[in-house]
file start23.cif (mmCIF, C-alpha atoms)
data_upload
loop_
_atom_site.label_atom_id
_atom_site.label_comp_id
_atom_site.auth_asym_id
_atom_site.auth_seq_id
_atom_site.Cartn_x
_atom_site.Cartn_y
_atom_site.Cartn_z
CA ALA A 1 -39.09 -134.74 -109.90
CA ALA A 2 -38.93 -131.28 -108.41
CA ALA A 3 -36.77 -130.83 -105.36
CA GLU A 4 -38.48 -130.13 -102.04
CA PRO A 5 -38.20 -126.46 -101.04
CA GLU A 6 -35.86 -125.82 -98.14
CA PRO A 7 -37.68 -125.07 -94.87
CA LEU A 8 -37.52 -121.52 -93.60
CA PRO A 9 -34.99 -121.00 -90.82
CA GLU A 10 -36.33 -120.51 -87.31
CA PRO A 11 -36.51 -116.77 -86.59
CA GLU A 12 -34.36 -115.44 -83.79
CA VAL A 13 -36.56 -113.93 -81.11
CA PRO A 14 -34.77 -111.31 -79.02
CA SER A 15 -35.39 -111.73 -75.32
CA ASP A 16 -36.21 -108.03 -74.95
CA ARG A 17 -38.66 -108.05 -77.90
CA SER A 18 -36.71 -105.20 -79.49
CA GLY A 19 -36.72 -106.93 -82.87
CA PHE A 20 -40.48 -106.62 -83.36
CA THR A 21 -40.57 -103.18 -84.88
CA THR A 22 -42.64 -103.45 -88.07
CA LEU A 23 -45.86 -105.34 -87.28
CA THR A 24 -48.85 -103.00 -87.56
CA TYR A 25 -51.79 -105.43 -87.99
CA LEU A 26 -52.37 -108.68 -86.12
CA ASN A 27 -55.46 -110.84 -86.65
CA LEU A 28 -55.84 -113.61 -84.06
CA SER A 29 -59.57 -114.16 -84.44
CA GLU A 30 -60.86 -117.68 -83.87
CA CYS A 31 -57.47 -118.90 -82.60
CA LEU A 32 -58.88 -120.40 -79.37
CA ILE A 33 -56.84 -117.96 -77.26
CA ASN A 34 -57.63 -118.50 -73.58
CA SER A 35 -57.34 -116.09 -70.66
CA LYS A 36 -53.79 -117.15 -69.76
CA GLN A 37 -52.61 -116.73 -73.35
CA LEU A 38 -54.32 -113.33 -73.54
CA ALA A 39 -52.38 -112.26 -70.44
CA VAL A 40 -49.08 -113.21 -72.14
CA LEU A 41 -50.05 -111.39 -75.34
CA SER A 42 -51.15 -108.35 -73.34
CA SER A 43 -47.75 -108.08 -71.66
CA THR A 44 -46.30 -107.07 -75.05
CA LEU A 45 -48.94 -104.39 -75.67
CA GLY A 46 -48.04 -102.02 -72.87
CA ASN A 47 -45.02 -99.79 -73.23
CA ASN A 48 -43.17 -102.41 -75.35
CA ASN A 49 -45.41 -101.94 -78.39
CA GLU A 50 -44.21 -99.26 -80.75
CA THR A 51 -45.87 -100.26 -84.04
CA LEU A 52 -48.98 -102.43 -83.63
CA LYS A 53 -52.02 -100.38 -84.60
CA SER A 54 -54.73 -103.00 -85.16
CA LEU A 55 -55.39 -106.08 -83.02
CA ILE A 56 -58.22 -108.48 -83.85
CA LEU A 57 -59.06 -110.92 -81.04
CA SER A 58 -62.65 -111.75 -81.97
CA ARG A 59 -64.26 -115.13 -81.26
CA ASN A 60 -61.65 -116.61 -78.94
CA LYS A 61 -61.99 -118.42 -75.61
CA PHE A 62 -60.94 -115.87 -73.00
CA GLY A 63 -64.52 -115.05 -72.00
CA LEU A 64 -65.80 -116.46 -68.75
CA LYS A 65 -67.87 -119.55 -68.25
CA LYS A 66 -71.36 -119.19 -66.76
CA LYS A 67 -70.18 -120.44 -63.35
CA SER A 68 -67.74 -117.55 -63.03
CA ALA A 69 -70.08 -114.78 -64.14
CA GLY A 70 -69.41 -111.46 -62.42
CA LYS A 71 -65.67 -112.15 -62.15
CA VAL A 72 -62.95 -110.51 -64.19
CA SER A 73 -60.61 -112.85 -66.05
CA LYS A 74 -56.84 -112.56 -65.58
CA GLY A 75 -56.39 -112.11 -69.32
CA ILE A 76 -58.81 -109.17 -69.45
CA THR A 77 -57.14 -107.65 -66.38
CA ALA A 78 -53.77 -107.85 -68.16
CA LEU A 79 -55.28 -106.42 -71.37
CA GLY A 80 -56.82 -103.56 -69.40
CA GLU A 81 -53.47 -102.73 -67.81
CA ALA A 82 -51.78 -102.79 -71.23
CA LEU A 83 -54.44 -100.51 -72.72
CA LYS A 84 -53.81 -97.91 -70.02
CA THR A 85 -50.21 -97.40 -71.20
CA ASN A 86 -50.33 -98.35 -74.88
CA LYS A 87 -49.88 -95.35 -77.15
CA THR A 88 -50.01 -96.90 -80.64
CA LEU A 89 -53.02 -99.24 -80.81
CA THR A 90 -55.85 -97.56 -82.74
CA HIS A 91 -58.19 -100.52 -83.42
CA LEU A 92 -59.18 -103.34 -81.03
CA ASP A 93 -61.75 -106.02 -81.86
CA LEU A 94 -62.92 -108.15 -78.92
CA ALA A 95 -66.24 -109.24 -80.49
CA GLY A 96 -67.77 -112.60 -79.71
CA ASN A 97 -65.77 -113.52 -76.62
CA LYS A 98 -68.67 -113.66 -74.14
CA LEU A 99 -66.83 -111.33 -71.82
CA GLY A 100 -69.83 -110.49 -69.69
CA PRO A 101 -70.56 -107.25 -67.82
CA ALA A 102 -67.56 -107.25 -65.44
CA ASN A 103 -64.95 -107.78 -68.16
CA CYS A 104 -66.58 -105.24 -70.49
CA ALA A 105 -66.64 -102.71 -67.66
CA LEU A 106 -62.93 -103.25 -67.03
CA ILE A 107 -62.08 -102.74 -70.73
CA LEU A 108 -64.19 -99.58 -70.95
CA GLU A 109 -62.61 -98.19 -67.79
CA ALA A 110 -59.12 -98.98 -69.12
CA ILE A 111 -59.66 -97.17 -72.41
CA SER A 112 -60.66 -94.04 -70.51
CA LEU A 113 -56.91 -93.68 -69.87
CA ASN A 114 -55.88 -94.51 -73.44
CA CYS A 115 -55.30 -91.62 -75.85
CA SER A 116 -54.73 -93.61 -79.06
CA LEU A 117 -57.60 -96.11 -79.38
CA GLU A 118 -60.00 -94.91 -82.09
CA SER A 119 -62.09 -98.03 -82.72
CA LEU A 120 -63.36 -100.68 -80.30
CA SER A 121 -65.70 -103.59 -80.97
CA LEU A 122 -67.39 -105.31 -78.04
CA ASP A 123 -70.12 -106.95 -80.14
CA CYS A 124 -71.69 -110.17 -78.84
CA ASN A 125 -70.11 -110.07 -75.40
CA LEU A 126 -73.14 -110.55 -73.13
CA LEU A 127 -72.86 -107.02 -71.75
CA TYR A 128 -76.33 -107.60 -70.39
CA ASP A 129 -77.38 -111.10 -69.39
CA LYS A 130 -81.17 -111.37 -68.95
CA ASP A 131 -80.64 -114.41 -66.72
CA GLY A 132 -77.87 -112.72 -64.78
CA THR A 133 -77.62 -111.76 -61.13
CA ALA A 134 -77.95 -108.39 -59.44
CA GLU A 135 -74.14 -108.24 -59.51
CA ASP A 136 -74.29 -108.64 -63.30
CA ASP A 137 -76.77 -105.75 -63.44
CA ASN A 138 -74.37 -103.62 -61.37
CA ASN A 139 -71.50 -104.55 -63.68
CA THR A 140 -73.59 -103.62 -66.72
CA ALA A 141 -74.38 -100.27 -65.12
CA ALA A 142 -70.68 -99.79 -64.34
CA ALA A 143 -69.75 -100.63 -67.95
CA LEU A 144 -72.27 -98.14 -69.29
CA LEU A 145 -71.07 -95.48 -66.83
CA ALA A 146 -67.48 -96.13 -67.92
CA LEU A 147 -68.61 -95.82 -71.52
CA SER A 148 -70.35 -92.49 -70.96
CA THR A 149 -67.33 -91.21 -69.02
CA ARG A 150 -65.05 -92.37 -71.82
CA LEU A 151 -67.03 -90.48 -74.42
CA THR A 152 -67.37 -87.23 -72.48
CA THR A 153 -64.15 -86.83 -70.48
CA PRO A 154 -60.67 -86.02 -71.82
CA PRO A 155 -58.65 -87.90 -72.99
CA GLY A 156 -61.80 -89.48 -74.40
CA SER A 157 -61.49 -87.66 -77.69
CA ALA A 158 -59.56 -90.45 -79.50
CA LEU A 159 -62.42 -92.98 -79.70
CA LYS A 160 -64.29 -92.48 -82.96
CA ALA A 161 -66.05 -95.84 -83.40
CA LEU A 162 -67.58 -98.10 -80.78
CA SER A 163 -69.63 -101.15 -81.64
CA LEU A 164 -71.84 -102.85 -79.04
CA ARG A 165 -74.08 -104.90 -81.37
CA ASN A 166 -75.93 -107.94 -80.00
CA ASN A 167 -75.44 -107.24 -76.31
CA ASN A 168 -79.12 -107.14 -75.24
CA LEU A 169 -78.75 -103.58 -73.97
CA SER A 170 -82.42 -102.84 -74.56
CA SER A 171 -83.24 -105.39 -71.84
CA HIS A 172 -81.42 -103.34 -69.21
#
call {"tool": "encode", "arguments": {"input": "start23.cif", "output": "structure tokens"}}
result
Amino acid sequence: AAAEPEPLPEPEVPSDRSGFTTLTYLNLSECLINSKQLAVLSSTLGNNNETLKSLILSRNKFGLKKKSAGKVSKGITALGEALKTNKTLTHLDLAGNKLGPANCALILEAISLNCSLESLSLDCNLLYDKDGTAEDDNNTAAALLALSTRLTTPPGSALKALSLRNNNLSSH
């Protein structure tokens, strides 16, 4: 009988994260990441990230529940802060997280300060909720204003691709 392969040793994780210097692509789609976990992940994306260029976070669980519509999640707040200072991320996919108008507005405002992001997907994020409140309508308007500002104001020149599919924008 063949011998069992030896298990891989546990990697040493430096406390200052200085050892993570080669990762350029990270796909965490459909990993059930919640808002709290997104906040932890986002803490590594700010000034600490020197190599990650593509981050896929589609179809996770950090979007808000219906009862908290109009509020911004802590995870999205942390991601927004990280995006303001990150200088290496070029592709971010947040599709299918049901972020809602307030969270989408925060992301779009944050990327207005980011000079490296070239591609952003906010598909299927309930940017406009036909059953939403007046506050939701205001947040949608704010998100669209942030988007237009992002596309027309320096340093807005980095963004080359933006996807907003399936957000019911024609209803607004």
call {"tool": "atom_distance", "arguments": {"input": "start23.cif", "atom1": "atom CA of Ile76 of chain A", "atom2": "atom CA of Glu118 of chain A"}}
result
19.1 Å
call {"tool": "atom_distance", "arguments": {"input": "start23.cif", "atom1": "atom CA of Ser58 of chain A", "atom2": "atom CA of Asn114 of chain A"}}
result
20.4 Å
call {"tool": "resolve_selection", "arguments": {"input": "start23.cif", "expression": "the PyMOL selection byres ((chain A and resi 38) around 10)", "output": "VMD selection string"}}
result
chain A and resid 33 to 37 39 to 43 57 60 to 62 73 to 79
call {"tool": "atom_distance", "arguments": {"input": "start23.cif", "atom1": "atom CA of Ala158 of chain A", "atom2": "atom CA of Glu30 of chain A"}}
result
27.6 Å
call {"tool": "closest_residue", "arguments": {"input": "start23.cif", "among": "A:Thr90, A:Ser29, A:Ser112, A:Asn48", "to": "Ala161 of chain A", "atoms": "only C-alpha atoms"}}
result
A:Thr90
call {"tool": "closest_residue", "arguments": {"input": "start23.cif", "among": "A:Ala95, A:Leu89, A:Leu83, A:Leu127", "to": "Ile111 of chain A", "atoms": "only C-alpha atoms"}}
result
A:Leu83
